[in-house]
Protein chains: 2
Amino acid sequence: MKFEAVTIKDIAKALGISTSTVSRALRDSYEISSETKQLVLDCAEKLNYHPNPIALSLKERRSRSIGVVVCEIANSFFSQVINGIESIAYEKGYNVIISQSHESYEREIMDLHYLSSRSVDGLLISLSTETNDISHLLSLQEKGMPIVLFDRVSHEIKTHNVVVDNFKGAYEATEHLLNMGYKNIAAIANSEFLSITTERLAGYKEALANHNIKYNPTYVKHCFYGGMIFSEIEEAVNKLFTLKQKPDAIITTSDKLTTGCLKTLMRRGIKVPDDIALVGFSNSDLAELLNPPLTVVRQPAMEMGRAATELLLQLIESKRPVTQFENRVLTPELIIGNSSVLQQEETIK
Amino acid sequence: MKFEAVTIKDIAKALGISTSTVSRALRDSYEISSETKQLVLDCAEKLNYHPNPIALSLKERRSRSIGVVVCEIANSFFSQVINGIESIAYEKGYNVIISQSHESYEREIMDLHYLSSRSVDGLLISLSTETNDISHLLSLQEKGMPIVLFDRVSHEIKTHNVVVDNFKGAYEATEHLLNMGYKNIAAIANSEFLSITTERLAGYKEALANHNIKYNPTYVKHCFYGGMIFSEIEEAVNKLFTLKQKPDAIITTSDKLTTGCLKTLMRRGIKVPDDIALVGFSNSDLAELLNPPLTVVRQPAMEMGRAATELLLQLIESKRPVTQFENRVLTPELIIGNSSVLQQEETIK
DNA sequence: CGTTATTTTTTAAACATTTACACCATTAAA
DNA sequence: TTTAATGGTGTAAATGTTTAAAAAATAACG
C-alpha cells in the first residue's frame with residue numbers, strides 16, 4: 001500500500017553508473033565531471049527523484065525535526081507561540097512535533113521520552129504546572145539534547161530562555177489599577193512552582209509597595225492547575241468574596257485564569273468593573289469584545305515562539321558546545337479596556 | 001554535539017552474541033531460548049537501550065508520523081481539532097507534524113510536498129480557502145498516500161471525510177433567528193470554493209424557504225479569505241448597511257467571520273442585538289462572555305480531530321487497499337446567547 | 001611508448017535494524 | 001548407525017544515503 005519512491009539506485013541503474021557517483025553528482029561535488037552531473041541531474045528530474053529524508057537522518061544522525069511540549073494547544077497564548085515556532089521551523093526546513101503535557105508532570109516526562117526516542121534534534125518546552133523537579137530535563141541535556149525553555153522556565157537548567165518581562169507586566173497592570181483608584185487589589189495566580197507566578201506576583205507586590213499599599217497575603221489565591229479545573233477559580237473567587245474587607249479589584253496571571261475569573265464573576269452576577277475591577281494576562285483576540293472590554297496584559301506570543309526556535313536552531317547547528325546562554329526577555333503590552341475603569345471615573349485620566 | 005545512543009550492536013558485543021540474536025530476543029521471537037532472552041533483556045535494561053526509530057522507519061518504510069495541514073493553528077476551532085488529533089495519535093504511538101497553509105493554495109501544495117517528502121504515513125487536511133483544484137491531493141493519493149479530509153472537504157477525491165452537519169447547523173441558526181422574529185437575515189460567508197460555505201448557505205436558504213422568506217442574493221456576502229484579512233469583513237458589513245432594506249440579522253459561517261463581524265459592528269457603534277442580531281459558527285470558549293453573549297453554532301472540533309485520526313490510522317494500517325470510504329457527519333450544537341434575542345422579545349420563547 | 005600526474009569513477013563501509021537462510025548440535029525415528 | 005527433525009544461533013543482505021579509499025581512465029611529458 002506504500003508507494004515506493006525513486007532512489008539513487010534507480011538513477012544509477014538507469015545510467016549504468018554507481019550510486020556514489022549519482023550521490024556526488026546530486027550534491028554537486030567537485031569530483032564529478034560536469035557532463036556526468038548533467039546526465040544525473042536530468043535523469044533525477046525525469047524520474048522525479050526525491051531524496052529519502054529517513055535514510056539521511058540515519059546517516060547524519062539528525063532528524064531535522066524539533067519537539068515542542070506545551071501544556072495545552074487549544075489556548076490562545078500557546079497556539080500563538082506554536083504559530084511562531086512553526087514559522088521559523090518551516091523557513092529553516094525543520095518540522096515540528098507537538099505534544100501536550102496537560103499540566104501533568106508525568107505526562108511531561110512521557111512526552112519528553114517519546115520525543116527524544118523519536119530522535120528530535122532539539123526541544124522547546126514550557127513547563128507543566130506540576131513540574132518542580134527538572135531532573136528529567138537535566139539528564140536529557142546531559143546526553144547532548146539541545147533544549148530551550150520559554151514562558152514557564154526554570155533557572156535550575158543552564159540553557160537559553162525566552163520569557164516576557166513578567167515583573168513589568170504585572171507591575172504595570174497593578175499600577176494601572178492603583179492609578180484608577182483601586183486600593184484593595186487581589187491576585188489570582190497560578191501554581192507557586194511556576195516561574196511566571198513568582199515573577200508576576202513580585203511585580204504586583206512591588207507596585208503595591210511603591211504606592212504605599214500594604215501587601216495582604218489573604219488577597220493572593222493560587223489555582224494549582226491554572227484554571228484547567230474550573231472549580232479552582234470559582235473557589236478562589238468565592239474566598240475573596242467572603243473576606244471581611246472585600247477586594248475592589250482582581251489581577252489574574254494567565255489566560256485561562258483571566259477568562260475563567262470573568263466567567264465566574266458573570267455567573268455570580270457580579271458586575272465588572274462596578275462591583276470589582278479586573279485586569280489579567282491574556283492573549284485572546286477577543287478581549288476588546290468581552291463584556292466589559294477587558295484590560296489585559298498581552299504577551300508577544302508569536303515573537304516568543306520565533307525567538308525560542310531561533311535560539312534552539314542555533315544550539316542544534318552549532319559546531320562547538322555552547323556554554324554562553326541567553327535569557328531573552330520580551331516586553332508585554334498593557335491594553336486598557338473598561339474592566340478596570342469605573343464609568344464615573346473615566347475622566348480621571 | 002549529539003549523544004550517541006546505545007544500539008543493538010552494543011548489546012551484542014557486551015554479551016558476545018550476534019546482533020540478530022539480540023534483535024530477535026528483544027522482539028520476543030520464539031526462536032530464541034528463554035535464557036538468552038533474559039540475558040539480552042537485562043543487558044538492554046542495564047545499558048538503557050532504546051530502539052532507533054529512524055533505522056526502523058528505513059527498514060519498515062514507515063515513519064509512524066502523520067502530517068496535518070490546517071489553514072491556521074491559532075484559531076479556536078482548528079486548535080481544538082489538533083487537540084483531538086494529538087490525543088489519538090499519542091495513544092497509538094504516532095507523532096503529529098503540523099503545518100499551516102495560511103489559506104494559501106501555493107503554501108498548501110508546498111506543505112504537502114514537504115510532509116510527503118518527510119515520508120509521513122498519512123495526511124489529515126482541511127483545504128485552504130484558495131484551493132479549488134485538488135489534483136495535488138489526487139496525485140499523492142495515487143502514489144499510495146492515505147489521506148483523510150476534515151471540515152473543508154472535497155467530493156472530488158474518494159477518501160474518508162469527517163465533517164459537521166453544516167446544513168443542519170446553519171438551518172437551525174437561521175430558523176432560530178426567524179423564530180425570534182427576524183425577517184431580513186443576511187449571511188457573511190467564506191469563499192465559494194469551500195464545502196462548508198455551500199453547505200452552510202444551503203441550510204440558510206432552506207430555512208428561509210421553509211419560513212416563506214424569499215432568498216435575497218444581495219444579503220449574502222463572501223469573504224474570500226474568511227476574515228484573515230480584516231478589511232474583508234468590514235467591507236461586507238458596510239455593504240450590508242448601505243442596502244435600501246437593511247438586514248435585521250446576520251449569520252456568519254465561521255469562527256473568524258463571527259468574531260470579526262462582532263468587532264466591526266462594535267467599532268461602528270452598532271448595537272447587537274438591538275440594531276442587528278448576530279448568530280455565527282464559532283468554537284470560542286468565550287462566546288458567553290462576549291458583549292452580548294453570542295448565539296453560536298458550535299462544532300464538536302475535538303471529536304472531529306479524533307474521528308479523522310482514527311479513520312486515517314485505519315487506512316494506514318489496513319493490509320488491503322481500502323475502497324469503501326466513510327463520510328462521517330458529526331452534529332453541531334446551537335448555543336443560544338443574547339445576540340439573537342431582542343430584550344423586549346425575550347419572552348416570545 | 002612508458003611513466004607520472006591528474007581526473008573521474010567505483011568499491012566498500014557505515015548509519016541501526018530486521019529477517020531469510022545457513023549452520024551446528026542434539027535428539028528422535030528408522 | 002544413519003537420517004531426519006528440532007532448537008538455537010550466526011551470516012549476510014536489505015532499507016537509502018554518504019564518503020573515505022581504492023581503482024581506473026585520461027592527460028601530460030620526457
# chains A, B, ... in the order shown; residues from 1 in each chain; ligands from 1
>>> interface_residues(of="chain D", to="chain A", cutoff="8 Å", atoms="only C-alpha atoms (C1' of nucleotides)", output="compact mmCIF listing (two decimals) with N, CA and C atoms (P, O5', C5', C4', C3', O3' and C1' of nucleotides), in the first residue's frame")
# COMPACT_ATOMS: atom_id res chain seq x y z
P DG D 16 14.91 1.71 -0.53
O5' DG D 16 15.86 2.92 -0.13
C5' DG D 16 15.29 4.07 0.50
C4' DG D 16 16.38 5.08 0.76
C3' DG D 16 17.10 5.56 -0.51
O3' DG D 16 17.17 6.98 -0.43
C1' DG D 16 18.68 4.77 1.07
P DT D 17 17.85 7.86 -1.56
O5' DT D 17 19.25 8.18 -0.89
C5' DT D 17 19.29 9.02 0.24
C4' DT D 17 20.60 8.92 0.96
C3' DT D 17 21.81 9.43 0.20
O3' DT D 17 21.94 10.81 0.50
C1' DT D 17 22.28 7.53 1.60
P DT D 18 23.15 11.64 -0.13
O5' DT D 18 24.40 11.19 0.78
C5' DT D 18 24.47 11.64 2.11
C4' DT D 18 25.75 11.14 2.74
C3' DT D 18 27.03 11.77 2.18
O3' DT D 18 27.79 12.21 3.29
C1' DT D 18 27.20 9.41 2.20
>>> select_by_dssp(residues="range 207-318 of chain A", states="strand (DSSP E or B)", output="PyMOL selection string")
chain A and resi 220-222+249-252+277-281+290+295-298
>>> interface_residues(of="chain A", to="chain C", cutoff="7 Å", atoms="only C-alpha atoms (C1' of nucleotides)", output="list in words")
Ser18, Thr21, Glu31, Ile32, Ser33, Leu58 and Lys59 of chain A
>>> residues_around(residues="Phe167 in chain B", least_positions_apart="5", cutoff="7 Å", atoms="only C-alpha atoms (C1' of nucleotides)", output="list in words")
Glu199, Arg200, Ala202 and Gly203 of chain B
>>> closest_atom_pairs(of="chain A", to="chain B", cutoff="8 Å", atoms="only C-alpha atoms", output="tab-separated table")
residue	atom	partner	partner_atom	distance
A:Met1	CA	B:Gly144	CA	5.9
A:Lys2	CA	B:Gly144	CA	5.3
A:Phe3	CA	B:Gly144	CA	5.0
A:His50	CA	B:Ser117	CA	7.1
A:Pro51	CA	B:Ser117	CA	7.9
A:Asn52	CA	B:Ser117	CA	7.1
A:Pro53	CA	B:Arg118	CA	5.9
A:Ile54	CA	B:Leu58	CA	6.0
A:Ala55	CA	B:Leu58	CA	6.2
A:Ser57	CA	B:Ile54	CA	6.9
A:Leu58	CA	B:Ile54	CA	6.0
A:Arg61	CA	B:Lys2	CA	7.9
A:Ile73	CA	B:Ser79	CA	6.2
A:Ala74	CA	B:Ser79	CA	4.8
A:Asn75	CA	B:Ser79	CA	7.8
A:Ser76	CA	B:Ala74	CA	6.6
A:Ser79	CA	B:Ala74	CA	4.8
A:Gln80	CA	B:Ala74	CA	5.4
A:Ile82	CA	B:Ile73	CA	7.6
A:Asn83	CA	B:Ile73	CA	6.4
A:Glu86	CA	B:Ser99	CA	7.2
A:Asn95	CA	B:Ile97	CA	6.7
A:Val96	CA	B:Ile97	CA	5.8
A:Ile97	CA	B:Ile97	CA	5.1
A:Ile98	CA	B:Val96	CA	6.6
A:Ser99	CA	B:Glu86	CA	7.2
A:Ser117	CA	B:His50	CA	7.0
A:Arg118	CA	B:Pro53	CA	6.0
A:Ser119	CA	B:Pro53	CA	7.6
A:Lys143	CA	B:Phe3	CA	5.1
A:Gly144	CA	B:Phe3	CA	5.0
A:Met145	CA	B:Lys2	CA	6.9
A:Thr259	CA	B:Leu286	CA	7.5
A:Leu262	CA	B:Leu289	CA	7.6
A:Lys263	CA	B:Leu289	CA	6.6
A:Met266	CA	B:Leu289	CA	7.8
A:Leu286	CA	B:Thr259	CA	7.5
A:Leu289	CA	B:Leu290	CA	5.7
A:Leu290	CA	B:Leu290	CA	4.1
A:Asn291	CA	B:Asn291	CA	4.6
A:Pro292	CA	B:Asn291	CA	7.1
A:Lys319	CA	B:Met1	CA	7.4
A:Arg320	CA	B:Met1	CA	7.2
A:Pro321	CA	B:Met1	CA	6.5
>>> write_last_selection(atoms="C-alpha atoms", output="CSV table (one decimal), in the first residue's frame")
chain,number,residue,atom,x,y,z
A,1,MET,CA,0.0,0.0,0.0
A,2,LYS,CA,3.0,2.3,0.3
A,3,PHE,CA,4.3,4.0,-2.8
A,50,HIS,CA,13.4,12.9,-4.1
A,51,PRO,CA,16.0,12.1,-1.5
A,52,ASN,CA,14.8,10.0,1.3
A,53,PRO,CA,15.0,12.0,4.5
A,54,ILE,CA,14.8,9.0,6.7
A,55,ALA,CA,17.9,7.4,5.2
A,57,SER,CA,18.6,11.0,9.1
A,58,LEU,CA,20.0,7.6,9.8
A,61,ARG,CA,22.2,11.1,13.0
A,73,ILE,CA,-2.5,23.6,22.3
A,74,ALA,CA,-6.1,25.0,22.4
A,75,ASN,CA,-5.1,28.1,24.4
A,76,SER,CA,-4.7,31.4,22.7
A,79,SER,CA,-1.3,28.4,19.9
A,80,GLN,CA,0.2,31.8,19.0
A,82,ILE,CA,3.3,27.5,18.2
A,83,ASN,CA,2.5,29.6,15.2
A,86,GLU,CA,6.2,26.8,13.1
A,95,ASN,CA,9.5,20.1,11.2
A,96,VAL,CA,7.7,20.5,14.4
A,97,ILE,CA,6.4,17.7,16.5
A,98,ILE,CA,4.0,18.9,19.1
A,99,SER,CA,2.8,17.3,22.3
A,117,SER,CA,13.2,8.5,21.4
A,118,ARG,CA,11.8,9.9,18.1
A,119,SER,CA,15.2,11.5,17.9
A,143,LYS,CA,23.1,13.4,26.9
A,144,GLY,CA,23.5,16.2,24.5
A,145,MET,CA,20.0,17.2,23.7
A,259,THR,CA,-11.3,34.3,31.3
A,262,LEU,CA,-14.6,36.8,34.3
A,263,LYS,CA,-16.8,33.8,33.7
A,266,MET,CA,-20.5,36.9,35.4
A,286,LEU,CA,-11.5,38.8,21.8
A,289,LEU,CA,-15.2,42.2,22.6
A,290,LEU,CA,-15.8,40.9,26.1
A,291,ASN,CA,-18.3,42.3,28.5
A,292,PRO,CA,-16.8,44.6,29.6
A,319,LYS,CA,29.6,23.1,15.8
A,320,ARG,CA,31.1,23.6,19.2
A,321,PRO,CA,29.3,23.1,22.6
